[in-house]
file target-v1.txt (compact mmCIF, C-alpha atoms)
# COMPACT_ATOMS: atom_id res chain seq x y z
CA MET A 1 61.24 -18.18 65.35
CA PRO A 2 58.62 -20.95 64.88
CA LEU A 3 54.98 -20.03 65.28
CA THR A 4 53.10 -21.20 68.40
CA ASP A 5 49.50 -22.27 68.65
CA ALA A 6 48.88 -19.51 71.18
CA ALA A 7 50.18 -16.91 68.75
CA ALA A 8 47.95 -18.25 66.00
CA ARG A 9 44.93 -18.29 68.31
CA ASN A 10 45.54 -14.77 69.67
CA ALA A 11 46.29 -13.09 66.34
CA ARG A 12 43.81 -10.23 65.84
CA PRO A 13 42.88 -8.69 62.47
CA SER A 14 44.14 -5.27 61.45
CA GLU A 15 43.27 -2.93 58.60
CA ARG A 16 45.54 -4.84 56.26
CA THR A 17 46.13 -8.58 55.81
CA PHE A 18 49.32 -9.77 57.53
CA ARG A 19 51.25 -13.03 57.87
CA LEU A 20 52.70 -15.03 60.77
CA PHE A 21 55.57 -17.24 59.57
CA ASP A 22 56.37 -20.66 61.02
CA GLY A 23 59.30 -21.77 58.83
CA GLY A 24 59.90 -23.90 55.78
CA GLY A 25 57.58 -21.69 53.75
CA LEU A 26 54.56 -22.23 56.05
CA TYR A 27 52.71 -19.14 57.30
CA LEU A 28 49.33 -18.12 58.70
CA GLU A 29 47.61 -15.37 56.73
CA VAL A 30 45.30 -13.21 58.86
CA ALA A 31 42.75 -11.29 56.77
CA ASN A 32 41.20 -7.99 57.84
CA THR A 33 37.91 -9.90 58.24
CA GLY A 34 39.47 -12.03 60.97
CA ALA A 35 39.65 -15.20 58.83
CA LYS A 36 42.94 -17.13 59.15
CA TYR A 37 44.38 -19.23 56.30
CA TRP A 38 47.36 -21.57 56.22
CA ARG A 39 49.57 -21.07 53.16
CA LEU A 40 52.77 -22.69 51.92
CA LYS A 41 55.19 -20.70 49.83
CA TYR A 42 57.48 -22.83 47.64
CA ARG A 43 59.39 -22.77 44.37
CA TYR A 44 58.80 -25.16 41.48
CA ALA A 45 60.41 -24.93 38.05
CA ASP A 46 62.04 -21.63 39.06
CA ARG A 47 58.67 -20.08 39.90
CA GLU A 48 57.35 -19.01 43.29
CA LYS A 49 53.98 -20.60 44.05
CA ARG A 50 51.43 -20.77 46.87
CA LEU A 51 49.53 -23.77 48.21
CA ALA A 52 46.47 -23.51 50.49
CA LEU A 53 46.70 -25.87 53.46
CA GLY A 54 43.42 -25.16 55.25
CA VAL A 55 41.61 -22.69 57.51
CA TYR A 56 42.50 -22.07 61.16
CA PRO A 57 41.29 -23.26 63.68
CA GLU A 58 39.72 -26.21 61.79
CA VAL A 59 43.28 -27.02 60.69
CA GLY A 60 45.56 -26.58 63.69
CA LEU A 61 49.27 -25.82 63.72
CA LYS A 62 50.33 -29.47 63.92
CA LEU A 63 48.15 -30.56 60.98
CA ALA A 64 49.35 -27.57 58.94
CA ARG A 65 52.98 -28.60 59.57
CA ASP A 66 52.14 -32.21 58.56
CA ARG A 67 50.68 -30.95 55.30
CA ARG A 68 53.78 -28.80 54.74
CA GLU A 69 55.97 -31.91 55.10
CA ASP A 70 53.76 -33.84 52.68
CA ALA A 71 54.18 -31.06 50.12
CA ARG A 72 57.95 -30.97 50.64
CA ARG A 73 58.15 -34.72 50.03
CA LEU A 74 56.35 -34.24 46.74
CA LEU A 75 58.79 -31.47 45.79
CA ALA A 76 61.71 -33.72 46.63
CA ALA A 77 60.23 -36.30 44.23
CA GLY A 78 59.93 -33.67 41.49
CA VAL A 79 56.16 -33.27 41.78
CA ASP A 80 54.38 -29.92 41.97
CA PRO A 81 52.12 -30.07 45.08
CA SER A 82 49.54 -27.76 43.43
CA ALA A 83 49.32 -30.02 40.38
CA ALA A 84 49.07 -33.07 42.62
CA ARG A 85 46.24 -31.40 44.56
CA LYS A 86 44.30 -30.65 41.35
CA ALA A 87 44.79 -34.20 40.08
CA GLU A 88 43.56 -35.66 43.37
CA LYS A 89 40.51 -33.40 43.35
CA ALA A 90 39.71 -34.34 39.76
CA SER A 91 40.05 -38.00 40.67
CA ARG A 92 37.65 -37.62 43.62
CA THR A 93 35.16 -35.74 41.45
CA ALA A 94 35.32 -38.42 38.76
CA ALA A 95 34.92 -41.17 41.35
CA ALA A 96 31.87 -39.45 42.84
CA GLY A 97 30.33 -39.15 39.37
CA ASN A 98 31.24 -42.68 38.32
CA THR A 99 29.00 -44.50 40.75
CA PHE A 100 28.17 -48.15 40.26
CA GLU A 101 24.67 -47.23 39.09
CA THR A 102 26.00 -44.71 36.54
CA ILE A 103 28.36 -47.27 35.01
CA ALA A 104 25.78 -50.06 35.22
CA ARG A 105 23.22 -47.99 33.28
CA GLU A 106 25.82 -47.01 30.71
CA TRP A 107 26.88 -50.65 30.24
CA PHE A 108 23.25 -51.75 29.98
CA GLU A 109 22.34 -49.12 27.37
CA THR A 110 25.46 -49.98 25.36
CA ASN A 111 24.37 -53.63 25.11
CA ARG A 112 20.59 -53.47 25.33
CA LEU A 113 19.85 -53.14 21.63
CA SER A 114 21.87 -56.26 20.82
CA TRP A 115 19.79 -58.38 23.23
CA VAL A 116 16.34 -59.83 22.82
CA PRO A 117 13.86 -57.80 24.94
CA GLU A 118 13.23 -60.64 27.39
CA HIS A 119 16.95 -60.99 28.18
CA ALA A 120 17.37 -57.23 28.51
CA ASN A 121 14.44 -56.94 30.92
CA LYS A 122 15.65 -59.87 33.02
CA THR A 123 19.20 -58.49 33.17
CA TRP A 124 18.12 -55.04 34.35
CA HIS A 125 15.69 -56.55 36.86
CA ARG A 126 18.56 -58.53 38.40
CA ILE A 127 20.74 -55.41 38.59
CA GLU A 128 17.96 -53.31 40.06
CA LYS A 129 16.91 -55.85 42.67
CA ASN A 130 20.23 -57.41 43.70
CA LEU A 131 22.93 -54.76 43.21
CA LEU A 132 21.70 -51.17 43.09
CA PRO A 133 20.09 -50.96 46.55
CA TRP A 134 23.50 -51.49 48.19
CA LEU A 135 26.08 -50.51 45.54
CA GLY A 136 24.22 -48.00 43.36
CA SER A 137 25.51 -44.83 45.04
CA ARG A 138 29.00 -46.17 45.73
CA PRO A 139 31.95 -44.88 43.64
CA LEU A 140 32.76 -47.88 41.51
CA VAL A 141 36.52 -47.61 42.11
CA GLU A 142 35.98 -48.01 45.86
CA ILE A 143 34.02 -51.27 45.72
CA THR A 144 36.11 -54.13 47.10
CA PRO A 145 35.71 -57.91 46.68
CA PRO A 146 34.44 -58.35 50.28
CA GLU A 147 31.86 -55.60 49.77
CA LEU A 148 30.60 -57.16 46.55
CA LEU A 149 30.50 -60.58 48.22
CA SER A 150 28.41 -59.25 51.10
CA VAL A 151 25.87 -57.95 48.59
CA LEU A 152 25.75 -61.28 46.75
CA ARG A 153 25.30 -63.08 50.07
CA ARG A 154 21.98 -61.23 50.44
CA THR A 155 20.72 -62.94 47.29
CA GLU A 156 22.10 -66.28 48.49
CA SER A 157 20.35 -65.90 51.83
CA ARG A 158 17.00 -65.89 49.99
CA GLY A 159 17.85 -69.31 48.60
CA LYS A 160 18.50 -67.87 45.13
CA LEU A 161 21.85 -69.59 44.52
CA GLU A 162 21.63 -69.59 40.73
CA THR A 163 20.52 -65.94 40.74
CA ALA A 164 23.50 -65.00 42.93
CA ARG A 165 25.82 -66.71 40.45
CA ARG A 166 24.31 -64.87 37.52
CA VAL A 167 24.36 -61.53 39.36
CA ARG A 168 28.09 -62.00 40.02
CA GLN A 169 28.57 -62.54 36.28
CA ILE A 170 26.60 -59.38 35.49
CA ALA A 171 28.60 -57.37 38.04
CA GLY A 172 31.80 -58.68 36.47
CA LYS A 173 30.71 -57.48 33.05
CA ILE A 174 29.94 -54.02 34.46
CA PHE A 175 33.34 -53.80 36.14
CA ARG A 176 35.15 -55.01 33.01
CA TYR A 177 33.29 -52.36 31.00
CA ALA A 178 34.53 -49.78 33.52
CA VAL A 179 38.09 -51.10 33.10
CA ALA A 180 37.82 -50.86 29.31
CA THR A 181 36.52 -47.28 29.49
CA GLY A 182 39.18 -46.12 31.97
CA ARG A 183 36.96 -45.71 35.05
CA THR A 184 38.64 -48.36 37.21
CA GLU A 185 41.67 -50.64 37.08
CA ARG A 186 40.30 -54.07 37.96
CA ASP A 187 37.26 -56.29 38.33
CA PRO A 188 36.72 -57.34 41.98
CA SER A 189 34.29 -60.08 40.98
CA GLN A 190 37.25 -62.14 39.74
CA ASP A 191 38.35 -62.61 43.34
CA LEU A 192 35.01 -64.20 44.24
CA ARG A 193 35.36 -67.36 42.19
CA GLY A 194 34.51 -70.24 44.48
CA ALA A 195 33.19 -67.93 47.21
CA LEU A 196 29.51 -68.45 46.41
CA ALA A 197 27.56 -71.62 47.09
CA THR A 198 27.29 -73.85 44.03
CA PRO A 199 23.67 -74.25 42.90
CA ILE A 200 22.44 -77.76 42.23
CA THR A 201 22.00 -78.15 38.49
CA LYS A 202 18.35 -78.69 37.71
CA HIS A 203 17.37 -79.35 34.13
CA LEU A 204 14.18 -77.84 32.79
CA ALA A 205 11.30 -80.27 33.09
CA ALA A 206 10.76 -82.28 29.91
CA ILE A 207 9.07 -85.50 28.82
CA THR A 208 11.53 -87.55 26.76
CA ASP A 209 9.93 -91.02 26.95
CA PRO A 210 7.85 -91.60 23.77
CA LYS A 211 5.33 -93.61 25.83
CA ARG A 212 4.49 -90.46 27.81
CA VAL A 213 4.32 -88.12 24.82
CA GLY A 214 0.96 -89.43 23.57
CA PRO A 215 -0.86 -88.59 26.83
CA LEU A 216 0.83 -85.17 26.85
CA LEU A 217 -0.41 -84.39 23.33
CA LEU A 218 -3.94 -85.51 24.14
CA ALA A 219 -3.91 -83.31 27.23
CA ILE A 220 -2.83 -80.38 25.07
CA ASP A 221 -5.62 -81.13 22.59
CA GLY A 222 -8.07 -80.86 25.47
CA TYR A 223 -7.01 -77.34 26.48
CA GLY A 224 -10.07 -75.12 26.66
CA GLY A 225 -8.48 -71.69 26.97
CA THR A 226 -8.26 -68.85 24.47
CA PRO A 227 -7.67 -69.74 20.79
CA THR A 228 -4.38 -67.82 20.81
CA VAL A 229 -2.85 -69.74 23.71
CA CYS A 230 -4.35 -72.97 22.41
CA ALA A 231 -2.62 -72.47 19.05
CA ALA A 232 0.69 -71.64 20.71
CA LEU A 233 0.45 -74.72 22.93
CA ARG A 234 -0.32 -77.00 19.96
CA LEU A 235 2.44 -75.43 17.86
CA ALA A 236 5.14 -75.63 20.55
CA PRO A 237 5.96 -79.37 20.18
CA LEU A 238 5.94 -79.11 16.38
CA VAL A 239 8.50 -76.30 16.06
CA PHE A 240 10.36 -76.66 19.42
CA VAL A 241 11.78 -73.13 19.35
CA ARG A 242 12.61 -71.25 22.55
CA PRO A 243 9.51 -69.98 24.40
CA GLY A 244 10.42 -66.32 23.82
CA GLU A 245 10.87 -66.91 20.10
CA LEU A 246 7.44 -68.52 19.91
CA ARG A 247 5.43 -65.99 21.89
CA GLN A 248 7.03 -63.02 20.06
CA ALA A 249 6.45 -64.48 16.58
CA ARG A 250 5.38 -61.86 14.00
CA TRP A 251 3.13 -62.51 11.04
CA VAL A 252 5.65 -60.86 8.74
CA GLU A 253 8.09 -63.67 9.54
CA PHE A 254 5.81 -66.41 8.19
CA ASP A 255 5.73 -67.66 4.61
CA LEU A 256 2.95 -70.23 4.76
CA ASP A 257 3.00 -70.91 1.02
CA GLY A 258 6.74 -71.55 1.26
CA ALA A 259 6.22 -73.56 4.47
CA GLN A 260 8.77 -71.72 6.58
CA TRP A 261 9.14 -69.31 9.45
CA ARG A 262 12.14 -66.96 9.31
CA ILE A 263 13.14 -65.60 12.71
CA PRO A 264 15.44 -62.55 12.41
CA ALA A 265 18.83 -62.51 14.12
CA GLU A 266 17.90 -59.87 16.68
CA ARG A 267 15.30 -62.21 18.21
CA MET A 268 17.60 -65.23 18.40
CA LYS A 269 19.75 -66.12 21.41
CA MET A 270 22.81 -66.77 19.23
CA LYS A 271 22.20 -63.67 17.07
CA GLN A 272 21.94 -65.78 13.91
CA ALA A 273 18.87 -65.58 11.67
CA HIS A 274 17.00 -68.88 11.85
CA VAL A 275 14.62 -70.76 9.54
CA VAL A 276 11.98 -73.10 10.94
CA PRO A 277 10.57 -75.38 8.21
CA LEU A 278 6.84 -75.75 8.82
CA CYS A 279 5.26 -79.19 8.64
CA ASP A 280 1.74 -79.59 7.30
CA GLN A 281 0.30 -79.80 10.80
CA ALA A 282 1.99 -76.53 11.87
CA ILE A 283 0.77 -74.70 8.77
CA GLN A 284 -2.80 -75.82 9.53
CA ILE A 285 -2.58 -74.45 13.09
CA VAL A 286 -1.22 -71.10 11.92
CA ARG A 287 -3.78 -70.77 9.10
CA GLU A 288 -6.62 -71.44 11.57
CA LEU A 289 -5.29 -68.62 13.78
CA GLN A 290 -4.74 -66.11 10.96
CA PRO A 291 -8.36 -64.85 10.76
CA LEU A 292 -8.24 -64.09 14.49
CA THR A 293 -4.85 -62.34 14.84
CA GLY A 294 -3.63 -61.78 11.28
CA GLN A 295 -4.46 -58.07 11.45
CA PHE A 296 -2.04 -57.59 14.35
CA GLU A 297 1.76 -57.57 14.44
CA PHE A 298 2.07 -60.58 16.73
CA VAL A 299 0.85 -64.05 15.86
CA PHE A 300 0.09 -64.64 19.55
CA PRO A 301 -0.96 -61.24 20.91
CA SER A 302 -1.68 -60.56 24.56
CA ALA A 303 -5.29 -60.77 25.68
CA ARG A 304 -4.86 -57.36 27.30
CA SER A 305 -3.35 -55.55 24.33
CA PRO A 306 -2.85 -56.74 20.73
CA ARG A 307 0.19 -54.48 20.53
CA ARG A 308 2.07 -56.81 22.89
CA PRO A 309 2.85 -60.54 22.63
CA MET A 310 1.24 -62.96 25.03
CA SER A 311 2.73 -63.47 28.48
CA ASN A 312 5.97 -65.41 28.82
CA ASN A 313 4.10 -67.67 31.24
CA ALA A 314 1.11 -68.36 28.99
CA VAL A 315 2.24 -71.76 27.67
CA ASN A 316 3.38 -72.96 31.10
CA ALA A 317 0.09 -71.83 32.63
CA ALA A 318 -1.78 -73.72 29.91
CA LEU A 319 0.20 -76.88 30.70
CA ARG A 320 -0.70 -76.52 34.39
CA TYR A 321 -4.36 -75.99 33.36
CA VAL A 322 -4.49 -79.36 31.56
CA GLY A 323 -2.92 -81.14 34.53
CA ILE A 324 0.77 -81.24 33.53
CA ASP A 325 2.70 -80.16 36.64
CA GLN A 326 5.87 -78.07 36.59
CA GLU A 327 8.06 -81.04 37.54
CA THR A 328 6.88 -82.94 34.46
CA MET A 329 6.91 -80.47 31.56
CA CYS A 330 7.48 -76.81 30.77
CA GLY A 331 7.39 -74.74 27.58
CA HIS A 332 11.15 -75.01 27.12
CA GLY A 333 10.92 -78.77 27.61
CA PHE A 334 9.62 -79.34 24.06
CA ARG A 335 13.18 -78.67 22.88
CA ALA A 336 14.63 -81.41 25.08
CA MET A 337 11.81 -83.73 24.07
CA ALA A 338 12.54 -83.25 20.37
CA ARG A 339 16.33 -83.34 20.82
CA THR A 340 16.22 -86.66 22.68
CA ILE A 341 13.64 -88.53 20.63
CA LEU A 342 14.84 -87.31 17.21
CA ASP A 343 18.31 -88.62 18.05
CA GLU A 344 17.78 -91.70 20.21
CA VAL A 345 14.50 -93.02 18.78
CA LEU A 346 14.17 -91.73 15.20
CA GLY A 347 17.89 -91.69 14.43
CA TYR A 348 18.19 -88.32 12.70
CA ARG A 349 21.67 -86.86 12.29
CA VAL A 350 22.76 -84.91 15.36
CA ASP A 351 24.11 -81.97 13.34
CA VAL A 352 20.77 -81.60 11.56
CA ILE A 353 18.93 -81.65 14.91
CA GLU A 354 21.36 -79.10 16.40
CA HIS A 355 20.89 -76.79 13.42
CA GLN A 356 17.14 -76.97 13.89
CA LEU A 357 17.53 -76.17 17.58
CA ALA A 358 19.56 -73.07 16.53
CA HIS A 359 22.50 -74.15 18.64
CA ALA A 360 26.00 -72.82 17.93
CA VAL A 361 26.97 -75.48 15.37
CA ARG A 362 30.05 -74.97 13.21
CA ASP A 363 31.00 -76.65 9.97
CA PRO A 364 34.34 -78.47 9.41
CA ASN A 365 35.96 -75.15 8.47
CA GLY A 366 34.95 -73.55 11.77
CA ARG A 367 32.29 -71.30 10.28
CA ALA A 368 29.08 -70.71 12.24
CA TYR A 369 25.93 -72.18 10.75
CA ASN A 370 23.73 -70.08 8.47
CA ARG A 371 19.96 -70.08 8.41
CA THR A 372 19.70 -72.32 5.33
CA ALA A 373 22.15 -75.02 6.50
CA HIS A 374 20.72 -78.55 5.94
CA LEU A 375 17.39 -76.95 5.07
CA ASP A 376 16.12 -79.84 2.91
CA ALA A 377 17.11 -82.38 5.53
CA ARG A 378 15.48 -80.26 8.22
CA ARG A 379 12.24 -80.02 6.22
CA ARG A 380 12.08 -83.80 5.99
CA MET A 381 12.93 -84.16 9.68
CA MET A 382 10.28 -81.66 10.81
CA GLN A 383 7.55 -83.38 8.81
CA GLY A 384 8.73 -86.79 10.03
CA TRP A 385 8.68 -85.50 13.61
CA ALA A 386 5.12 -84.18 13.28
CA ASP A 387 3.92 -87.46 11.77
CA PHE A 388 5.64 -89.37 14.58
CA LEU A 389 3.84 -87.24 17.17
CA ASP A 390 0.53 -87.93 15.42
CA GLY A 391 1.35 -91.62 15.62
CA LEU A 392 2.06 -91.43 19.35
CA ARG A 393 -1.21 -89.58 19.88
CA ALA A 394 -3.18 -92.13 17.85
CA GLU A 395 -1.47 -95.05 19.60
CA HIS A 396 -2.42 -93.72 23.01
CA VAL A 397 -6.02 -93.31 21.85
CA ARG A 398 -6.04 -96.92 20.65
CA VAL A 399 -4.57 -98.17 23.93
CA SER A 400 -7.05 -96.13 25.92
CA ASP A 401 -9.97 -97.35 23.84
CA ALA A 402 -8.80 -100.96 24.20
CA ALA A 403 -8.51 -100.54 27.97
CA ILE A 404 -12.02 -99.11 28.13
CA GLU A 405 -13.37 -101.99 26.04
CA ILE A 406 -11.67 -104.56 28.30
CA GLU A 407 -13.15 -102.87 31.35
CA ARG A 408 -16.60 -102.91 29.78
CA SER A 409 -16.28 -106.61 28.90
CA THR A 410 -15.20 -107.40 32.45
CA ILE A 411 -18.16 -105.53 33.87
CA SER A 412 -20.55 -107.33 31.49
CA ALA A 413 -19.07 -110.75 32.32
CA GLY A 414 -19.42 -110.02 36.01
call {"tool": "encode", "arguments": {"input": "target-v1.txt", "output": "structure tokens"}}
result
Amino acid sequence: MPLTDAAARNARPSERTFRLFDGGGLYLEVANTGAKYWRLKYRYADREKRLALGVYPEVGLKLARDRREDARRLLAAGVDPSAARKAEKASRTAAAGNTFETIAREWFETNRLSWVPEHANKTWHRIEKNLLPWLGSRPLVEITPPELLSVLRRTESRGKLETARRVRQIAGKIFRYAVATGRTERDPSQDLRGALATPITKHLAAITDPKRVGPLLLAIDGYGGTPTVCAALRLAPLVFVRPGELRQARWVEFDLDGAQWRIPAERMKMKQAHVVPLCDQAIQIVRELQPLTGQFEFVFPSARSPRRPMSNNAVNAALRYVGIDQETMCGHGFRAMARTILDEVLGYRVDVIEHQLAHAVRDPNGRAYNRTAHLDARRRMMQGWADFLDGLRAEHVRVSDAAIEIERSTISAG
């Protein structure tokens, strides 16, 4: 006879545990303490087994019967309900442990050492500010495309369209790492292509008209800040490396007698060691700085601590100090200035220029460039570039002097 809810509710404990059977293997076990447990007796692989279905009255008779039917469906499919229960519990435990933050940190630490410090710091800052506050504690396998999109919309709403795009890319890399390591099955960021607003492409500010370069160089010459920043600012147009490569320059990388600066692969964006041939003007700047900072690791140490390089904003701040606004020129803009004028005005070979810019240039056989590629041609180009800049500076001085003289003559004639 099937069990009733009244019978289950009114069952009183005795000295020994007893059972009230409902049918189909389901029964209520009443312990001598008064606790009541639902159990399912079944056979699997010719063995009698028991499956716990919950505690009464939290699990009522109807729910216990539903769970019995679920177990019987598994048996009909050839699955052991106890094994299925353990697998589900293990999956939930793994999901709870594999939160987005856990996987994000693991992915970051796996890649951090292969990145330049500036990129690593910027990447983690973006994760920490734009993803972790809302996704950090979430099991990664449960994050859906709409949920990820709602988080990215928060970044968009601050007007940071380009940041939102880059954060989506970072999230995608974290999810793909989780796929590769068996923690999830897919990357929800793939479903968000086209869902974010497209940022307007804005090139980094750069002066590329030779007529405007002379005034820029004279403004730089008039900088009255610290000798370290002054040297970096004067060197920037001569070597046109990336700002991070310049500010983190080490003395050990310089061979002034050999007129070259060897930047190791780990500090380069493309992870290829790079040689910067030094023109005479660059060597003079570095030699003048050597008595001041040569005892330290960094060529351009921070004013606060010689154990750290100068700020990543030092060159830009110096440009603002001499009156060059952020819409006109930035530290990275010296690369565009050199790339444009060396090609369009001075006529140097594009592949030689690209090698000097440390771009991903490949030879006819598809091999990536090496640090000595076109080195002689690059030495000649770098010296020619420095001499050309000196000429633009001198020409602007002559024009300025002539204008002053004309003004004086006019005043005298009046």
call {"tool": "closest_residue", "arguments": {"input": "target-v1.txt", "among": "A:Leu53, A:Leu152, A:Ala83, A:Ile263", "to": "Ala197 of chain A", "atoms": "all atoms listed in the file"}}
result
A:Leu152
call {"tool": "atom_distance", "arguments": {"input": "target-v1.txt", "atom1": "atom CA of Thr208 of chain A", "atom2": "atom CA of Leu392 of chain A"}}
result
12.6 Å
call {"tool": "residues_around", "arguments": {"input": "target-v1.txt", "residues": "Arg349 of chain A", "least_positions_apart": "3", "cutoff": "10 Å", "atoms": "only C-alpha atoms", "output": "short mmCIF file (atom, residue, chain, number, x, y, z; two decimals) with C-alpha atoms, in the frame of the given file"}}
result
data_model
loop_
_atom_site.label_atom_id
_atom_site.label_comp_id
_atom_site.auth_asym_id
_atom_site.auth_seq_id
_atom_site.Cartn_x
_atom_site.Cartn_y
_atom_site.Cartn_z
CA LEU A 342 14.84 -87.31 17.21
CA ASP A 343 18.31 -88.62 18.05
CA LEU A 346 14.17 -91.73 15.20
CA VAL A 352 20.77 -81.60 11.56
CA ILE A 353 18.93 -81.65 14.91
CA GLU A 354 21.36 -79.10 16.40
CA ALA A 377 17.11 -82.38 5.53
CA ARG A 378 15.48 -80.26 8.22
CA MET A 381 12.93 -84.16 9.68
#
call {"tool": "residues_around", "arguments": {"input": "target-v1.txt", "residues": "segment 33-38 of chain A", "least_positions_apart": "4", "cutoff": "9 Å", "atoms": "all atoms listed in the file", "output": "list in words"}}
result
Ala8, Ala11, Arg12, Pro13, Ser14, Glu15, Thr17, Leu26, Tyr27, Leu28, Glu29, Leu51, Ala52, Leu53, Gly54, Val55, Tyr56, Pro57, Val59, Leu61 and Ala64 of chain A
call {"tool": "residues_around", "arguments": {"input": "target-v1.txt", "residues": "Asn130 of chain A", "least_positions_apart": "6", "cutoff": "9 Å", "atoms": "all atoms listed in the file", "output": "PDB file with C-alpha atoms, in the frame of the given file"}}
result
ATOM      1  CA  VAL A 151      25.870 -57.950  48.590  1.00  0.00           C
ATOM      2  CA  LEU A 152      25.750 -61.280  46.750  1.00  0.00           C
ATOM      3  CA  ARG A 154      21.980 -61.230  50.440  1.00  0.00           C
ATOM      4  CA  THR A 155      20.720 -62.940  47.290  1.00  0.00           C
ATOM      5  CA  ALA A 164      23.500 -65.000  42.930  1.00  0.00           C
ATOM      6  CA  VAL A 167      24.360 -61.530  39.360  1.00  0.00           C
TER       7      VAL A 167
END
call {"tool": "residues_around", "arguments": {"input": "target-v1.txt", "residues": "segment 287-302 of chain A", "least_positions_apart": "4", "cutoff": "12 Å", "atoms": "only C-alpha atoms", "output": "PyMOL selection string"}}
result
chain A and resi 226-235+243-257+259+261+278+280-283+306-315
call {"tool": "closest_residue", "arguments": {"input": "target-v1.txt", "among": "A:Lys89, A:Lys41, A:Gly384, A:Val399", "to": "Ala71 of chain A", "atoms": "all atoms listed in the file"}}
result
A:Lys41
call {"tool": "atom_distance", "arguments": {"input": "target-v1.txt", "atom1": "atom CA of Ala394 of chain A", "atom2": "atom CA of Ala205 of chain A"}}
result
24.1 Å
call {"tool": "atom_distance", "arguments": {"input": "target-v1.txt", "atom1": "atom CA of Arg242 of chain A", "atom2": "atom CA of Lys269 of chain A"}}
result
8.9 Å
call {"tool": "residues_near_point", "arguments": {"input": "target-v1.txt", "point": "(-4.4, -77.3, 31.0)", "cutoff": "8 Å", "atoms": "all atoms listed in the file", "output": "PyMOL selection string"}}
result
chain A and resi 219-220+222-224+317-324
call {"tool": "residues_around", "arguments": {"input": "target-v1.txt", "residues": "Tyr42 of chain A", "least_positions_apart": "6", "cutoff": "12 Å", "atoms": "all atoms listed in the file", "output": "MDAnalysis selection string"}}
result
chainID A and resid 23:27 48:52 68:69 71:72 74:76 80:82
call {"tool": "closest_residue", "arguments": {"input": "target-v1.txt", "among": "A:Ile174, A:Asp187, A:Arg73, A:Lys62", "to": "Thr110 of chain A", "atoms": "all atoms listed in the file"}}
result
A:Ile174
call {"tool": "closest_residue", "arguments": {"input": "target-v1.txt", "among": "A:Thr328, A:Thr144, A:Thr184, A:Gln190", "to": "Val213 of chain A", "atoms": "all atoms listed in the file"}}
result
A:Thr328
